[in-house]
Amino acid sequence: MAATRAPRKNKQQNGRAAAKARPASKAERKARTPARKGAAARVRGGEVVRKRRPRFTAATADKYELYQLSVQSPEEDVPFLARVYKSFRKRKALHFREDFCGTGLLSSHWIRQGKSYTAEGFDIDPDPVAWGLSHHFEDIGPDAARYTVHLKDVRQPSARTPDVRVAQNFSYCVFKTRAELLEYFTAAYRDIADDGIFVIDLHGGPEATENMEEERTCSGFKYVWDQDEFWPGTGDYVCYIHFRFRDGTEMKRAFTYRWRMWYLTELRDVLHDAGFATVQAYFEGTDANGEDGDGIFRKGVRGENCESWLAYLVGVK
């Protein structure tokens, strides 16, 4: 089962995706810093003006870095997961498992919480795994040993029972039949600790099934979410992520997704069938302007009927 990486929606649909909704990463701060050495120069009114060269171009950009800058927000995800676990179990979650882990960015933030925190990642694609090991774990020295990555199908068991197991960025949508999805959720249920939780994120609303292309400006490039095909009879859809750059170049189809759209009620029912005694939804709130997501997820039952909404489902063993 190929691991896939999914988008986070734009600010209107998901407050976490906006650049100002999370602390700027080191790479983002660097991207905003004016170029100095080697910058192109021109003369204007007798004054030398240095023209900044774009940091990102289609020829030089790294798609994994762009994905992390535009889609992922571990600075918010890790505290949310820790808070949710503690609300159910009244203790700290220590061992973490990240399914479809890709570069392992979320796991790297998890283990940085302290010496007692450990993590496992599962993914069958060696390329993002290797990229992540060199970019997120080499700089933490011996502490990197608290992360174990497995080049295995996500339905395989953990080396150690996790307190928290996650499938982020809608990655489980690679399972297109109910039987496959139930097999995966059942494997997750059996794998987690007796007091463990399993967390997935999901999106929905009218815009989630439209043929549309959505562009969002990030620091030094534009992120494009392209919902290219959707078939209501099967729930199958094909989506792409493109990146566009200031110099006019474009990295087309940097990531491709061939998924099935699963609705919240379907997912909740399958989680119950897999054995989870409680399945709790957490919906994102609305910002003060009444239009944008505020990036804060709270327990809810009905949610809000938005054009596009984002939520978590938490399966409690």
# chains A, B, ... in the order shown; residues from 1 in each chain; ligands from 1
$ residues_around --residues "A:Thr186" --least-positions-apart "2" --cutoff "8 Å" --atoms "only C-alpha atoms" --output "list in words"
Leu182, Glu183, Tyr184, Ala188, Tyr189, Arg190, Leu271, Ala274 and Gly275 of chain A
$ residues_around --residues "A:Arg244" --least-positions-apart "4" --cutoff "9 Å" --atoms "only C-alpha atoms" --output "list of chain:residue names"
A:Thr57, A:Ala58, A:Phe221, A:Lys222, A:Tyr223, A:Val224, A:Gly248, A:Thr249, A:Glu250, A:Met251, A:Lys252
$ write_last_selection --atoms "N, CA and C atoms" --output "PDB file, in the first residue's frame"
ATOM      1  N   THR A  57      12.733  27.656  -6.761  1.00  0.00           N
ATOM      2  CA  THR A  57      12.379  27.567  -8.176  1.00  0.00           C
ATOM      3  C   THR A  57      12.070  26.098  -8.454  1.00  0.00           C
ATOM      4  N   ALA A  58      11.451  25.841  -9.608  1.00  0.00           N
ATOM      5  CA  ALA A  58      11.134  24.453  -9.946  1.00  0.00           C
ATOM      6  C   ALA A  58      12.394  23.600 -10.060  1.00  0.00           C
ATOM      7  N   PHE A 221       6.720  30.778  -2.244  1.00  0.00           N
ATOM      8  CA  PHE A 221       6.133  29.956  -3.295  1.00  0.00           C
ATOM      9  C   PHE A 221       4.628  29.901  -3.103  1.00  0.00           C
ATOM     10  N   LYS A 222       3.951  29.290  -4.053  1.00  0.00           N
ATOM     11  CA  LYS A 222       2.511  29.093  -3.953  1.00  0.00           C
ATOM     12  C   LYS A 222       2.196  27.605  -3.946  1.00  0.00           C
ATOM     13  N   TYR A 223       1.339  27.237  -3.019  1.00  0.00           N
ATOM     14  CA  TYR A 223       0.870  25.860  -2.881  1.00  0.00           C
ATOM     15  C   TYR A 223      -0.465  25.751  -3.617  1.00  0.00           C
ATOM     16  N   VAL A 224      -0.604  24.720  -4.428  1.00  0.00           N
ATOM     17  CA  VAL A 224      -1.825  24.543  -5.217  1.00  0.00           C
ATOM     18  C   VAL A 224      -2.406  23.174  -4.922  1.00  0.00           C
ATOM     19  N   GLY A 248       8.223  32.267 -12.086  1.00  0.00           N
ATOM     20  CA  GLY A 248       7.310  31.823 -13.133  1.00  0.00           C
ATOM     21  C   GLY A 248       7.334  30.341 -13.412  1.00  0.00           C
ATOM     22  N   THR A 249       8.219  29.594 -12.774  1.00  0.00           N
ATOM     23  CA  THR A 249       8.285  28.149 -12.998  1.00  0.00           C
ATOM     24  C   THR A 249       7.283  27.432 -12.086  1.00  0.00           C
ATOM     25  N   GLU A 250       7.049  26.167 -12.373  1.00  0.00           N
ATOM     26  CA  GLU A 250       6.075  25.389 -11.616  1.00  0.00           C
ATOM     27  C   GLU A 250       6.539  23.944 -11.483  1.00  0.00           C
ATOM     28  N   MET A 251       6.336  23.377 -10.313  1.00  0.00           N
ATOM     29  CA  MET A 251       6.560  21.963 -10.082  1.00  0.00           C
ATOM     30  C   MET A 251       5.185  21.296 -10.105  1.00  0.00           C
ATOM     31  N   LYS A 252       4.825  20.718 -11.248  1.00  0.00           N
ATOM     32  CA  LYS A 252       3.500  20.144 -11.421  1.00  0.00           C
ATOM     33  C   LYS A 252       3.447  18.718 -10.866  1.00  0.00           C
TER      34      LYS A 252
END
$ residues_around --residues "A:Glu180" --least-positions-apart "5" --cutoff "12 Å" --atoms "only C-alpha atoms" --output "JSON, numbers by chain"
{"A": [1, 154, 155, 172, 173, 174, 175, 185, 186, 187, 260, 270, 274]}
$ atom_distance --atom1 "atom CA of A:His109" --atom2 "atom CA of A:Arg298"
22.2 Å
$ select_by_dssp --residues "stretch 68-132 of chain A" --states "strand (DSSP E)" --output "PyMOL selection string"
chain A and resi 95-99+118-122
$ write_last_selection --atoms "N, CA and C atoms" --output "mmCIF file, in the first residue's frame"
data_model
loop_
_atom_site.group_PDB
_atom_site.id
_atom_site.type_symbol
_atom_site.label_atom_id
_atom_site.label_comp_id
_atom_site.auth_asym_id
_atom_site.auth_seq_id
_atom_site.Cartn_x
_atom_site.Cartn_y
_atom_site.Cartn_z
ATOM 1 N N HIS A 95 4.590 6.805 24.303
ATOM 2 C CA HIS A 95 4.990 6.125 23.072
ATOM 3 C C HIS A 95 3.982 6.434 21.962
ATOM 4 N N PHE A 96 4.525 6.805 20.810
ATOM 5 C CA PHE A 96 3.749 7.353 19.700
ATOM 6 C C PHE A 96 4.017 6.548 18.440
ATOM 7 N N ARG A 97 2.965 6.352 17.640
ATOM 8 C CA ARG A 97 3.149 5.705 16.338
ATOM 9 C C ARG A 97 2.517 6.570 15.260
ATOM 10 N N GLU A 98 3.278 6.812 14.199
ATOM 11 C CA GLU A 98 2.839 7.623 13.068
ATOM 12 C C GLU A 98 2.710 6.731 11.831
ATOM 13 N N ASP A 99 1.483 6.459 11.406
ATOM 14 C CA ASP A 99 1.255 5.692 10.180
ATOM 15 C C ASP A 99 1.391 6.611 8.964
ATOM 16 N N THR A 118 9.073 8.373 23.031
ATOM 17 C CA THR A 118 9.573 7.518 21.958
ATOM 18 C C THR A 118 8.541 7.460 20.836
ATOM 19 N N ALA A 119 8.992 7.054 19.662
ATOM 20 C CA ALA A 119 8.087 7.039 18.515
ATOM 21 C C ALA A 119 8.493 5.974 17.517
ATOM 22 N N GLU A 120 7.488 5.507 16.768
ATOM 23 C CA GLU A 120 7.692 4.610 15.634
ATOM 24 C C GLU A 120 6.975 5.186 14.427
ATOM 25 N N GLY A 121 7.562 4.991 13.250
ATOM 26 C CA GLY A 121 6.927 5.403 12.010
ATOM 27 C C GLY A 121 6.812 4.224 11.063
ATOM 28 N N PHE A 122 5.704 4.185 10.314
ATOM 29 C CA PHE A 122 5.475 3.127 9.335
ATOM 30 C C PHE A 122 5.172 3.755 7.982
#
$ closest_atom_pairs --of "stretch 257-307 of chain A" --to "stretch 194-217 of chain A" --cutoff "12 Å" --atoms "only C-alpha atoms" --output "tab-separated table"
residue	atom	partner	partner_atom	distance
A:Trp259	CA	A:Thr209	CA	11.8
A:Arg260	CA	A:Thr209	CA	10.6
A:Met261	CA	A:Thr209	CA	8.2
A:Trp262	CA	A:Leu202	CA	8.2
A:Tyr263	CA	A:Gly204	CA	7.0
A:Leu264	CA	A:Leu202	CA	7.4
A:Thr265	CA	A:Gly204	CA	11.1
A:Glu266	CA	A:Leu202	CA	11.4
A:Leu267	CA	A:Leu202	CA	9.2
A:Arg268	CA	A:Ile200	CA	10.5
A:Leu271	CA	A:Phe198	CA	9.4
A:His272	CA	A:Phe198	CA	11.9
A:Ala274	CA	A:Phe198	CA	11.4
A:Gly275	CA	A:Phe198	CA	11.4
A:Phe276	CA	A:Ile197	CA	8.9
A:Ala277	CA	A:Ile197	CA	10.6
A:Thr278	CA	A:Ile197	CA	9.7
A:Val279	CA	A:Phe198	CA	9.4
A:Gln280	CA	A:Val199	CA	9.6
A:Ala281	CA	A:Asp201	CA	9.6
A:Tyr282	CA	A:Asp201	CA	9.2
A:Phe283	CA	A:Leu202	CA	9.9
A:Glu284	CA	A:His203	CA	10.6
A:Phe297	CA	A:Asp201	CA	11.1
A:Gly303	CA	A:Gly204	CA	10.9
A:Glu304	CA	A:Gly205	CA	9.6
A:Asn305	CA	A:Gly205	CA	7.1
A:Cys306	CA	A:Gly205	CA	6.1
A:Glu307	CA	A:Gly205	CA	5.1
$ select_by_dssp --residues "stretch 55-146 of chain A" --states "helix (DSSP H, G or I)" --output "ChimeraX atom specification"
/A:63-70,74-89,105-111,126-146
$ residues_around --residues "A:Ala144" --least-positions-apart "6" --cutoff "12 Å" --atoms "only C-alpha atoms" --output "MDAnalysis selection string"
chainID A and resid 104 107:112 114:115 117:120 132:138
$ residues_around --residues "A:Cys239" --least-positions-apart "3" --cutoff "7 Å" --atoms "only C-alpha atoms" --output "number ranges by chain"
A: 226-229, 256-258
$ decode --residues "stretch 256-267 of chain A" --atoms "N, CA and C atoms" --output "mmCIF file, in the first residue's frame"
data_model
loop_
_atom_site.group_PDB
_atom_site.id
_atom_site.type_symbol
_atom_site.label_atom_id
_atom_site.label_comp_id
_atom_site.auth_asym_id
_atom_site.auth_seq_id
_atom_site.Cartn_x
_atom_site.Cartn_y
_atom_site.Cartn_z
ATOM 1 N N THR A 256 0.703 13.102 -5.916
ATOM 2 C CA THR A 256 -0.522 12.603 -6.541
ATOM 3 C C THR A 256 -1.265 11.712 -5.557
ATOM 4 N N TYR A 257 -2.587 11.873 -5.493
ATOM 5 C CA TYR A 257 -3.417 11.093 -4.580
ATOM 6 C C TYR A 257 -4.577 10.470 -5.334
ATOM 7 N N ARG A 258 -4.716 9.181 -5.174
ATOM 8 C CA ARG A 258 -5.853 8.449 -5.743
ATOM 9 C C ARG A 258 -6.564 7.787 -4.569
ATOM 10 N N TRP A 259 -7.619 8.433 -4.125
ATOM 11 C CA TRP A 259 -8.258 8.097 -2.868
ATOM 12 C C TRP A 259 -9.732 7.774 -3.050
ATOM 13 N N ARG A 260 -10.312 7.393 -1.933
ATOM 14 C CA ARG A 260 -11.770 7.360 -1.807
ATOM 15 C C ARG A 260 -12.170 8.377 -0.743
ATOM 16 N N MET A 261 -13.242 9.110 -1.018
ATOM 17 C CA MET A 261 -13.772 10.035 -0.039
ATOM 18 C C MET A 261 -14.599 9.265 0.992
ATOM 19 N N TRP A 262 -14.159 9.322 2.241
ATOM 20 C CA TRP A 262 -14.894 8.711 3.343
ATOM 21 C C TRP A 262 -15.553 9.804 4.170
ATOM 22 N N TYR A 263 -16.833 9.616 4.487
ATOM 23 C CA TYR A 263 -17.536 10.623 5.260
ATOM 24 C C TYR A 263 -17.417 10.299 6.746
ATOM 25 N N LEU A 264 -17.605 11.306 7.573
ATOM 26 C CA LEU A 264 -17.406 11.154 9.011
ATOM 27 C C LEU A 264 -18.238 10.013 9.598
ATOM 28 N N THR A 265 -19.501 9.951 9.246
ATOM 29 C CA THR A 265 -20.359 8.914 9.837
ATOM 30 C C THR A 265 -19.913 7.518 9.412
ATOM 31 N N GLU A 266 -19.433 7.368 8.170
ATOM 32 C CA GLU A 266 -18.899 6.078 7.734
ATOM 33 C C GLU A 266 -17.677 5.693 8.562
ATOM 34 N N LEU A 267 -16.765 6.641 8.731
ATOM 35 C CA LEU A 267 -15.545 6.373 9.473
ATOM 36 C C LEU A 267 -15.843 6.024 10.923
#
